[in-house]
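So this one's coords.txt, compact mmCIF, C-alpha atoms:
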```
# COMPACT_ATOMS: atom_id res chain seq x y z
CA MET A 1 83.76 117.37 50.46
CA THR A 2 80.19 118.31 49.71
CA CYS A 3 77.48 118.78 52.32
CA GLU A 4 75.85 115.59 51.03
CA THR A 5 79.02 113.60 51.75
CA TRP A 6 79.46 115.25 55.14
CA GLN A 7 75.90 114.49 56.16
CA GLN A 8 76.55 110.81 55.54
CA ARG A 9 79.31 111.02 58.13
CA ILE A 10 77.36 112.92 60.80
CA ASP A 11 76.13 109.72 62.49
CA GLU A 12 79.68 108.33 62.74
CA TYR A 13 80.78 111.71 64.08
CA LEU A 14 78.09 111.68 66.78
CA ASP A 15 78.83 108.03 67.61
CA ALA A 16 82.51 108.97 68.09
CA GLU A 17 83.48 106.52 65.37
CA LEU A 18 84.87 109.01 62.85
CA PRO A 19 88.69 109.04 62.61
CA GLU A 20 90.17 112.01 64.44
CA ALA A 21 91.37 113.93 61.38
CA GLU A 22 88.00 113.64 59.65
CA ALA A 23 86.20 114.55 62.86
CA ARG A 24 88.23 117.77 63.05
CA GLU A 25 87.42 118.57 59.42
CA LEU A 26 83.70 117.93 59.96
CA ASP A 27 83.84 120.00 63.10
CA ALA A 28 85.18 122.91 61.10
CA HIS A 29 82.56 122.37 58.36
CA LEU A 30 79.72 122.36 60.90
CA ARG A 31 80.80 125.73 62.24
CA ALA A 32 80.54 127.15 58.74
CA CYS A 33 77.48 125.29 57.31
CA THR A 34 74.04 125.98 58.75
CA SER A 35 72.33 123.11 56.94
CA CYS A 36 74.83 120.51 58.15
CA SER A 37 74.95 121.91 61.68
CA THR A 38 71.12 121.79 61.86
CA GLN A 39 71.29 118.16 60.76
CA ALA A 40 73.96 117.42 63.33
CA LEU A 41 72.02 119.14 66.08
CA THR A 42 68.78 117.33 65.23
CA ARG A 43 70.49 113.93 65.11
CA SER A 44 72.37 114.62 68.29
CA GLU A 45 69.11 115.57 70.03
CA LEU A 46 67.42 112.49 68.67
CA LYS A 47 70.31 110.30 69.81
CA ARG A 48 70.04 111.77 73.30
CA SER A 49 66.25 111.33 73.35
CA ILE A 50 66.55 107.71 72.22
CA HIS A 51 69.18 107.15 74.90
CA LEU A 52 66.71 108.27 77.55
CA ALA A 53 63.56 106.77 76.05
CA GLY A 54 65.30 103.47 75.31
CA LYS A 55 65.93 102.82 78.98
CA ARG A 56 62.34 101.87 79.41
CA PHE A 57 62.08 98.46 81.01
CA ALA A 58 63.38 97.52 84.44
CA PRO A 59 63.45 93.94 85.67
CA ASP A 60 61.37 92.88 88.61
CA PRO A 61 63.56 92.72 91.79
CA GLU A 62 62.24 89.22 92.50
CA PHE A 63 63.33 88.11 89.03
CA ARG A 64 66.78 89.58 89.56
CA LYS A 65 67.06 87.66 92.83
CA ARG A 66 66.03 84.44 91.13
CA ILE A 67 68.69 84.80 88.42
CA GLN A 68 71.31 85.84 90.95
CA ASN A 69 70.57 82.71 92.99
CA SER A 70 70.66 80.49 89.94
CA ILE A 71 74.15 81.57 88.93
CA SER A 72 75.65 82.22 92.35
CA PRO A 73 78.42 79.78 93.38
CA LYS A 74 76.69 79.64 96.77
CA ALA A 75 73.90 77.83 95.02
CA TRP A 76 76.50 75.35 93.89
CA ALA A 77 76.93 73.91 97.36
CA PRO A 78 74.18 71.29 96.98
CA ARG A 79 75.67 70.38 93.60
CA ARG A 80 79.05 69.93 95.22
CA TRP A 81 77.53 67.69 97.86
CA ALA A 82 75.66 65.83 95.16
CA TRP A 83 79.00 65.27 93.46
CA ILE A 84 80.52 63.97 96.68
CA VAL A 85 77.54 61.66 97.23
CA GLU A 86 77.86 60.40 93.66
CA PHE A 87 81.59 59.85 94.13
CA GLY A 88 80.95 58.09 97.46
CA ALA A 89 78.37 55.85 95.85
CA LEU A 90 80.84 55.01 93.09
CA CYS A 91 83.54 54.18 95.66
CA ALA A 92 81.07 52.04 97.60
CA ALA A 93 80.11 50.22 94.40
CA VAL A 94 83.78 49.59 93.57
CA LEU A 95 84.48 48.37 97.11
CA LEU A 96 81.42 46.13 96.97
CA LEU A 97 82.61 44.74 93.65
CA ILE A 98 86.09 44.09 95.06
CA PHE A 99 84.66 42.53 98.21
CA GLY A 100 82.22 40.45 96.15
CA SER A 101 85.07 39.29 93.92
CA LEU A 102 87.17 38.33 96.94
CA VAL A 103 84.28 36.39 98.46
CA TRP A 104 83.68 34.71 95.11
CA ILE A 105 87.37 33.87 94.72
CA ARG A 106 87.52 32.51 98.25
CA GLN A 107 84.36 30.55 97.68
CA SER A 108 85.68 29.06 94.47
CA GLN A 109 89.05 28.23 96.13
CA ARG A 110 87.16 26.53 98.94
CA GLN A 111 85.01 24.59 96.45
CA GLN A 112 88.12 23.52 94.60
CA LEU A 113 89.91 22.31 97.75
CA VAL A 114 86.85 20.54 99.12
CA GLY A 115 86.45 18.91 95.70
CA GLU A 116 90.07 17.73 95.69
CA LEU A 117 89.84 16.32 99.22
CA THR A 118 86.59 14.54 98.37
CA ASP A 119 88.30 13.07 95.29
CA LEU A 120 91.21 11.86 97.43
CA HIS A 121 88.80 10.20 99.88
CA VAL A 122 86.75 8.60 97.09
CA ALA A 123 89.93 7.42 95.32
CA THR A 124 91.09 5.78 98.57
CA LEU A 125 87.74 4.02 99.04
CA ALA A 126 87.80 2.80 95.44
CA SER A 127 91.37 1.48 95.66
CA SER A 128 92.08 -2.21 96.26
CA ASN A 129 95.04 -1.08 98.43
CA ARG A 130 93.38 1.58 100.48
CA VAL A 131 96.36 2.20 102.73
CA ASP A 132 100.11 1.66 102.58
CA VAL A 133 100.52 0.89 106.23
CA VAL A 134 97.86 -1.57 107.31
CA SER A 135 97.55 -1.57 111.04
CA THR A 136 95.06 -0.94 113.79
CA ASP A 137 97.89 0.01 116.11
CA ARG A 138 98.52 3.71 116.36
CA HIS A 139 102.09 3.00 117.50
CA THR A 140 102.74 1.29 114.18
CA VAL A 141 100.99 3.80 111.98
CA LYS A 142 102.51 6.99 113.41
CA PRO A 143 106.18 5.94 113.07
CA TRP A 144 105.54 4.72 109.51
CA PHE A 145 105.16 8.36 108.44
CA GLN A 146 108.60 9.34 109.74
CA GLY A 147 110.67 10.73 106.84
CA LYS A 148 107.66 10.53 104.52
CA VAL A 149 105.91 13.75 105.61
CA PRO A 150 107.66 16.92 106.89
CA PHE A 151 105.85 16.91 110.24
CA THR A 152 104.67 14.54 112.96
CA PHE A 153 101.33 14.07 114.61
CA ASN A 154 99.59 11.97 117.26
CA VAL A 155 97.05 9.31 116.46
CA PRO A 156 94.32 9.18 119.14
CA GLU A 157 93.78 6.25 121.46
CA LEU A 158 90.69 4.45 120.22
CA GLN A 159 90.24 1.76 122.82
CA GLY A 160 86.70 1.67 124.08
CA SER A 161 85.50 3.86 121.17
CA PRO A 162 83.41 2.82 118.16
CA PHE A 163 86.32 3.83 115.88
CA GLU A 164 88.90 1.47 114.46
CA LEU A 165 92.16 2.54 112.83
CA LEU A 166 92.57 0.89 109.41
CA GLY A 167 95.97 2.32 108.47
CA GLY A 168 97.45 5.25 106.58
CA LYS A 169 99.26 6.45 103.48
CA VAL A 170 101.05 9.49 102.10
CA THR A 171 98.91 11.81 100.00
CA TYR A 172 99.37 15.11 98.20
CA LEU A 173 97.32 18.27 98.08
CA ASP A 174 98.54 21.11 95.88
CA GLN A 175 101.86 19.31 95.57
CA ASN A 176 102.33 19.29 99.37
CA PRO A 177 102.79 15.92 101.08
CA GLY A 178 100.44 14.98 103.89
CA ALA A 179 99.10 12.01 105.82
CA GLU A 180 95.82 10.28 105.19
CA LEU A 181 94.62 8.11 108.04
CA LEU A 182 91.73 5.75 107.51
CA PHE A 183 89.26 4.87 110.25
CA SER A 184 86.06 2.92 110.34
CA VAL A 185 83.03 3.44 112.51
CA ARG A 186 80.37 0.77 112.21
CA LYS A 187 80.24 0.28 108.39
CA HIS A 188 81.42 3.82 107.55
CA VAL A 189 84.94 4.78 106.55
CA LEU A 190 86.50 8.09 107.57
CA SER A 191 89.56 9.71 106.02
CA VAL A 192 91.56 12.07 108.21
CA PHE A 193 93.92 14.25 106.17
CA ILE A 194 96.78 16.01 107.92
CA PHE A 195 98.85 18.71 106.17
CA LYS A 196 101.09 21.55 107.22
CA ASP A 197 98.73 24.49 107.53
CA SER A 198 99.09 27.36 105.06
CA PRO A 199 97.31 30.70 104.60
CA GLU A 200 95.68 29.32 101.44
CA LEU A 201 94.28 26.31 103.33
CA ASP A 202 93.26 28.51 106.21
CA ARG A 203 91.41 30.94 103.93
CA ALA A 204 89.70 28.17 102.00
CA LEU A 205 88.74 25.79 104.78
CA GLY A 206 88.38 27.99 107.85
CA SER A 207 87.82 26.19 111.12
CA GLY A 208 85.16 24.10 112.79
CA GLU A 209 82.60 24.33 110.01
CA LEU A 210 80.80 21.29 108.76
CA MET A 211 80.85 21.19 104.97
CA HIS A 212 78.94 19.03 102.55
CA ARG A 213 79.92 17.87 99.12
CA LEU A 214 78.33 15.07 97.13
CA SER A 215 76.64 13.96 100.38
CA PHE A 216 80.00 13.60 102.14
CA ASN A 217 80.43 15.46 105.40
CA MET A 218 83.60 17.27 106.10
CA GLU A 219 85.08 19.10 109.06
CA SER A 220 88.38 20.93 109.27
CA TRP A 221 90.42 22.51 112.04
CA THR A 222 93.97 23.54 112.84
CA ASP A 223 96.10 22.46 115.76
CA GLY A 224 99.80 23.12 116.34
CA GLY A 225 100.40 24.39 112.81
CA LEU A 226 98.74 21.36 111.24
CA ARG A 227 95.58 21.32 109.20
CA TYR A 228 93.22 18.43 109.91
CA VAL A 229 90.34 17.47 107.64
CA ILE A 230 87.87 14.68 108.34
CA ILE A 231 85.79 13.51 105.41
CA THR A 232 83.25 10.71 105.53
CA ASP A 233 79.75 9.60 104.76
CA ALA A 234 79.17 9.08 108.52
CA GLY A 235 77.09 11.51 110.55
CA ARG A 236 78.08 14.63 112.37
CA SER A 237 78.25 13.04 115.79
CA ASP A 238 80.93 10.58 114.60
CA ILE A 239 82.89 13.40 113.03
CA ASP A 240 82.71 15.47 116.22
CA ASP A 241 83.73 12.46 118.30
CA LEU A 242 86.81 11.72 116.20
CA HIS A 243 87.64 15.42 116.04
CA ALA A 244 87.60 15.58 119.83
CA ARG A 245 89.85 12.53 120.11
CA PHE A 246 92.44 14.09 117.77
CA VAL A 247 92.39 17.35 119.75
CA GLN A 248 92.85 15.35 122.96
CA ALA A 249 95.72 13.34 121.48
CA GLU A 250 97.65 16.51 120.71
CA GLN A 251 97.37 17.84 124.27
CA MET B 1 85.96 72.12 92.20
CA ALA B 2 87.64 75.20 93.63
CA GLN B 3 88.53 76.25 90.11
CA ASP B 4 84.90 75.84 89.01
CA ARG B 5 83.82 77.92 91.97
CA ASP B 6 86.28 80.68 91.07
CA ARG B 7 85.00 80.67 87.49
CA ALA B 8 81.43 80.87 88.76
CA TYR B 9 82.34 83.86 90.95
CA GLU B 10 84.03 85.48 88.00
CA PHE B 11 80.93 84.91 85.88
CA GLU B 12 78.69 86.37 88.57
CA GLN B 13 80.91 89.45 88.87
CA LEU B 14 80.89 90.02 85.13
CA ALA B 15 77.30 89.07 84.32
CA MET B 16 75.20 90.62 87.07
CA PRO B 17 76.04 94.28 86.23
CA LEU B 18 74.62 93.59 82.76
CA PHE B 19 71.36 92.26 84.14
CA GLY B 20 69.35 95.50 83.88
CA PRO B 21 70.50 96.46 80.35
CA LEU B 22 70.07 92.88 79.10
CA TYR B 23 66.57 92.76 80.50
CA ASN B 24 65.74 96.12 78.92
CA LEU B 25 66.87 94.88 75.52
CA ALA B 26 65.05 91.57 76.03
CA GLN B 27 61.76 93.36 76.61
CA TRP B 28 62.34 95.68 73.66
CA LEU B 29 62.89 92.59 71.51
CA THR B 30 60.06 90.43 72.81
CA GLN B 31 57.68 93.27 73.75
CA ASP B 32 56.39 91.09 76.57
CA ARG B 33 57.49 90.95 80.21
CA SER B 34 57.14 87.24 80.74
CA GLU B 35 58.86 86.39 77.45
CA ALA B 36 61.63 88.84 78.32
CA GLU B 37 62.16 87.09 81.65
CA ASP B 38 62.31 83.70 79.95
CA LEU B 39 64.80 85.09 77.44
CA VAL B 40 67.06 86.59 80.10
CA GLN B 41 66.88 83.45 82.22
CA GLU B 42 67.83 81.26 79.27
CA THR B 43 70.61 83.67 78.34
CA TYR B 44 72.16 83.48 81.81
CA ALA B 45 71.83 79.71 81.94
CA LYS B 46 73.49 79.32 78.53
CA ALA B 47 76.20 81.84 79.35
CA LEU B 48 77.07 80.15 82.65
CA LYS B 49 77.17 76.76 80.95
CA GLY B 50 79.31 78.07 78.12
CA PHE B 51 81.48 80.38 80.21
CA ASP B 52 84.48 78.10 79.65
CA SER B 53 84.31 78.95 75.95
CA PHE B 54 84.48 82.67 76.73
CA GLN B 55 88.03 83.91 76.31
CA PRO B 56 89.14 86.28 79.08
CA GLY B 57 90.20 89.63 77.72
CA THR B 58 87.61 89.61 74.92
CA ASN B 59 84.41 91.62 75.15
CA PHE B 60 82.14 90.00 77.73
CA ARG B 61 79.27 92.45 77.18
CA ALA B 62 79.16 91.73 73.44
CA TRP B 63 79.38 87.99 74.22
CA MET B 64 76.36 88.17 76.54
CA TYR B 65 74.34 90.25 74.09
CA ARG B 66 75.17 87.78 71.34
CA ILE B 67 73.84 84.90 73.43
CA LEU B 68 70.70 86.87 74.27
CA ARG B 69 70.11 87.81 70.66
CA ASN B 70 70.76 84.31 69.29
CA THR B 71 68.43 82.89 71.90
CA PHE B 72 65.79 85.43 70.90
CA LEU B 73 66.21 84.72 67.19
CA THR B 74 65.60 81.01 67.70
CA SER B 75 62.52 81.63 69.88
CA ARG B 76 59.02 81.63 68.41
CA THR B 77 58.65 85.38 68.81
CA GLY B 78 62.10 85.97 67.35
CA LEU B 79 61.40 83.85 64.28
CA GLN B 80 58.11 85.66 63.69
CA ALA B 81 59.68 89.07 64.19
CA THR B 82 62.55 88.51 61.77
CA LYS B 83 60.90 86.63 58.92
CA THR B 84 59.07 89.71 57.65
CA VAL B 85 62.10 92.00 57.51
CA ALA B 86 64.14 92.25 54.31
CA LEU B 87 67.48 93.96 54.67
CA ASP B 88 68.54 94.44 51.05
CA ASP B 89 71.88 95.85 50.00
CA GLU B 90 72.82 96.56 53.54
CA ASP B 91 76.52 96.12 52.88
CA ASP B 92 76.41 99.09 50.55
CA PRO B 93 76.47 102.31 52.57
CA GLN B 94 75.93 104.31 49.36
CA SER B 95 72.48 102.81 49.00
CA VAL B 96 71.41 104.81 52.01
CA SER B 97 70.09 108.01 50.60
CA PRO B 98 71.24 111.10 52.42
CA ALA B 99 68.69 113.12 54.27
CA THR B 100 69.25 116.32 52.45
CA THR B 101 65.75 117.71 52.59
CA GLU B 102 65.09 117.11 56.21
CA THR B 103 64.84 120.64 57.47
CA PRO B 104 61.08 120.51 58.13
CA GLU B 105 61.60 117.02 59.52
CA SER B 106 64.24 118.39 61.86
CA ILE B 107 61.72 120.73 63.34
CA LEU B 108 59.26 117.89 63.81
CA LEU B 109 61.91 115.68 65.35
CA ALA B 110 62.90 118.33 67.81
CA ARG B 111 59.37 118.22 69.19
CA ALA B 112 59.21 114.43 69.50
CA ASP B 113 58.78 113.49 73.12
CA HIS B 114 59.58 110.42 75.16
CA ASP B 115 56.36 108.50 74.39
CA VAL B 116 56.52 109.18 70.67
CA ILE B 117 60.10 107.96 70.52
CA GLN B 118 59.21 104.82 72.45
CA ALA B 119 56.23 104.17 70.18
CA ALA B 120 58.40 104.63 67.09
CA LEU B 121 61.09 102.32 68.45
CA GLN B 122 58.46 99.71 69.12
CA GLN B 123 57.23 99.95 65.55
CA LEU B 124 60.66 99.55 63.97
CA PRO B 125 61.60 96.12 62.57
CA VAL B 126 63.54 94.10 65.15
CA ALA B 127 66.86 94.36 63.27
CA TYR B 128 66.62 98.17 63.22
CA ARG B 129 65.33 98.44 66.77
CA GLU B 130 68.14 96.34 68.24
CA ILE B 131 70.96 98.13 66.44
CA ILE B 132 69.65 101.56 67.51
CA LEU B 133 69.30 100.34 71.10
CA LEU B 134 72.82 98.87 71.15
CA CYS B 135 74.30 102.06 69.72
CA ASP B 136 72.27 104.83 71.35
CA VAL B 137 71.05 103.24 74.60
CA GLU B 138 73.90 100.86 75.42
CA GLU B 139 76.43 103.16 73.77
CA MET B 140 78.31 100.28 72.23
CA SER B 141 81.09 100.94 69.75
CA TYR B 142 80.59 99.73 66.17
CA ARG B 143 83.10 96.97 66.87
CA GLU B 144 81.12 95.79 69.89
CA ILE B 145 77.90 95.88 67.89
CA ALA B 146 79.56 93.86 65.13
CA GLU B 147 80.55 91.26 67.74
CA ALA B 148 77.15 91.21 69.42
CA LEU B 149 75.24 90.87 66.15
CA SER B 150 77.88 88.69 64.45
CA ILE B 151 78.00 90.96 61.39
CA PRO B 152 80.87 92.85 59.70
CA MET B 153 81.65 96.46 60.65
CA GLY B 154 80.49 97.69 57.24
CA THR B 155 77.11 96.10 57.78
CA VAL B 156 76.87 97.72 61.21
CA MET B 157 77.33 101.16 59.63
CA SER B 158 74.89 100.63 56.76
CA ARG B 159 72.25 98.97 58.91
CA LEU B 160 72.54 101.70 61.52
CA ALA B 161 72.13 104.39 58.86
CA ARG B 162 69.03 102.65 57.49
CA ALA B 163 67.63 102.11 60.96
CA ARG B 164 68.06 105.77 61.87
CA LYS B 165 66.53 106.89 58.62
CA ALA B 166 63.54 104.63 59.22
CA MET B 167 63.29 105.97 62.77
CA ARG B 168 63.36 109.59 61.60
CA GLN B 169 60.71 108.90 59.01
CA LEU B 170 58.50 107.16 61.53
CA LEU B 171 58.89 109.99 63.99
CA ALA B 172 58.18 112.60 61.35
CA GLU B 173 55.01 110.75 60.33
CA LYS B 174 53.89 110.51 63.92
CA MET B 175 54.57 114.19 64.58
CA GLN B 176 52.87 115.26 61.37
CA GLY B 177 49.86 113.13 62.27
CA ALA B 178 49.80 114.75 65.70
CA LEU B 179 49.90 118.22 64.20
CA LYS B 180 46.98 117.60 61.82
```

Now that the file is in, can you turn its structure into structure tokens?
Amino acid sequence: MTCETWQQRIDEYLDAELPEAEARELDAHLRACTSCSTQALTRSELKRSIHLAGKRFAPDPEFRKRIQNSISPKAWAPRRWAWIVEFGALCAAVLLLIFGSLVWIRQSQRQQLVGELTDLHVATLASSNRVDVVSTDRHTVKPWFQGKVPFTFNVPELQGSPFELLGGKVTYLDQNPGAELLFSVRKHVLSVFIFKDSPELDRALGSGELMHRLSFNMESWTDGGLRYVIITDAGRSDIDDLHARFVQAEQ
Amino acid sequence: MAQDRDRAYEFEQLAMPLFGPLYNLAQWLTQDRSEAEDLVQETYAKALKGFDSFQPGTNFRAWMYRILRNTFLTSRTGLQATKTVALDDEDDPQSVSPATTETPESILLARADHDVIQAALQQLPVAYREIILLCDVEEMSYREIAEALSIPMGTVMSRLARARKAMRQLLAEKMQGALK
């Protein structure tokens, strides 16, 4: 190889990038050639000087600290908490949605049941044969239901009260048989529905609350596994009075 | 989360030892302290964010330098610094003329001191300055430089030869000027 060719390889030699065999050859050439060895020496010196002079700029310690803090996992702690808070908020939103849906479902079930009971009451009022057993005597009406509904109940004593028993008939709610007793108070008619209580009825109707639908008043309660519902256009005091008499009759 | 934390620790362990050298290169590239800080900060933020794409076992230092350099090249200063430099025929090592008549130059170079070398480095086009810094200051292998600059090995060798030649000429001019 000529000196010209060797001098093209001096940089690779000094950068330790020349293959070993060639490096040995160049090594030998440098020992023998003054021109090439001067070149090699100059470039080696320059490389060393650049190495020293190139390390010129040092970062500010404050800047280093800032970067260190920004990448340190310790600085992640708030982010982790933020993640937990976000997750918690999401869970709360889901729970709220579920709870809201349950309330809505319960509300709509209640509306549906109240609607059905109101329809039954209105249908009875509109019928030319309002009741199947026509009697003002509770001892006639109660036995009439024997074998017709899968439970028994007591009809309150109404002597000395403003209420009058008009009779009763079998009715159905959600395909379950029940009793509908008809009473009058002054010119108002009251239907008292009696069914076997169920979790669905319990959830939908609750207990002791006065409900309104289409201007009818309604009150429901449970007693001895039976679900009672009074529905009428009469006022609250009449409903409460009749309610109390039914509770007393069962005691 | 624990896995993320472990990765973040791993990143911190790998990246912080490079902080000083990366900053040095950043200031050589931008020639401004505040711009260098912005560049380093952006580099660390990008690297942390993209650390999942870094494959363990490959060269982390070259990966970090590549992010720094790419960030610099897309910055305003980087775009200005690179648009004026033409690197013709750099894949052809033969196009680099050998320095056969450099004996007087050698003498001049031997006298070049710290400040003159720094001034010459500063004057070099960015592409030449960075490759000399990666090779002579950071002592990267050609392979590492190729990774950091995203160029083939052949281009590393030819560009380095051109950069050194330009550096020697600049230094010789400066020394001759000083002697007059």

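Minimum atom-to-atom distance to chain B, evaluated using only C-alpha atoms, belongs to A:Leu52 out of A:Leu52, A:Ala244, A:Leu30, A:Ala21.
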
Notebook entry, point to check: Counting only C-alpha atoms, which residues from chain B have an atom at most 6 Å from any atom of chain A, and could you show them as an NGL selection string?
Noted result: :B and (5 or 8 or 24 or 106 or 114 or 118 or 136-137)

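Shortest atom-to-atom contact with A:Gln112 among A:Ala204, A:Ala28, A:Ile231, A:Phe87: A:Ala204, counting all atoms listed in the file.
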
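Counting from atom CA of B:Arg159, the distance to atom CA of B:Pro17 is 28.0 Å.
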
Next item on the list: Kindly give the distance, in Å, that separates atom CA of A:Val192 and atom CA of A:Arg245, rounded to a single decimal.
Entry: 12.0 Å

Item checked: Distance in Å - atom CA of A:Asp238 versus atom CA of A:Asn217 -> 10.4 Å

Output stretch 124-159 of chain B from the block with C-alpha atoms, as a CSV table (one decimal), in the first residue's frame?
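Saved to part-v5.csv:
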```csv
chain,number,residue,atom,x,y,z
B,124,LEU,CA,-17.9,24.0,11.8
B,125,PRO,CA,-21.2,23.2,10.1
B,126,VAL,CA,-23.5,21.3,12.6
B,127,ALA,CA,-23.2,18.0,10.8
B,128,TYR,CA,-19.4,18.1,11.0
B,129,ARG,CA,-19.4,19.4,14.6
B,130,GLU,CA,-21.7,16.7,15.9
B,131,ILE,CA,-19.9,13.8,14.3
B,132,ILE,CA,-16.5,15.0,15.6
B,133,LEU,CA,-18.0,15.4,19.1
B,134,LEU,CA,-19.6,12.0,19.0
B,135,CYS,CA,-16.4,10.4,17.9
B,136,ASP,CA,-13.6,12.3,19.7
B,137,VAL,CA,-15.4,13.6,22.8
B,138,GLU,CA,-18.0,10.9,23.5
B,139,GLU,CA,-15.7,8.2,22.0
B,140,MET,CA,-18.5,6.5,20.3
B,141,SER,CA,-17.8,3.6,17.9
B,142,TYR,CA,-18.7,4.1,14.2
B,143,ARG,CA,-21.6,1.7,14.7
B,144,GLU,CA,-22.9,3.8,17.6
B,145,ILE,CA,-22.5,7.0,15.6
B,146,ALA,CA,-24.4,5.4,12.7
B,147,GLU,CA,-27.2,4.5,15.1
B,148,ALA,CA,-27.3,7.9,16.8
B,149,LEU,CA,-27.3,9.8,13.5
B,150,SER,CA,-29.4,7.2,11.6
B,151,ILE,CA,-26.9,7.0,8.8
B,152,PRO,CA,-25.0,4.0,7.3
B,153,MET,CA,-21.5,3.1,8.5
B,154,GLY,CA,-20.0,4.2,5.2
B,155,THR,CA,-21.5,7.6,5.5
B,156,VAL,CA,-20.1,7.8,9.1
B,157,MET,CA,-16.6,7.2,7.8
B,158,SER,CA,-16.8,9.6,4.9
B,159,ARG,CA,-18.5,12.4,6.8
```
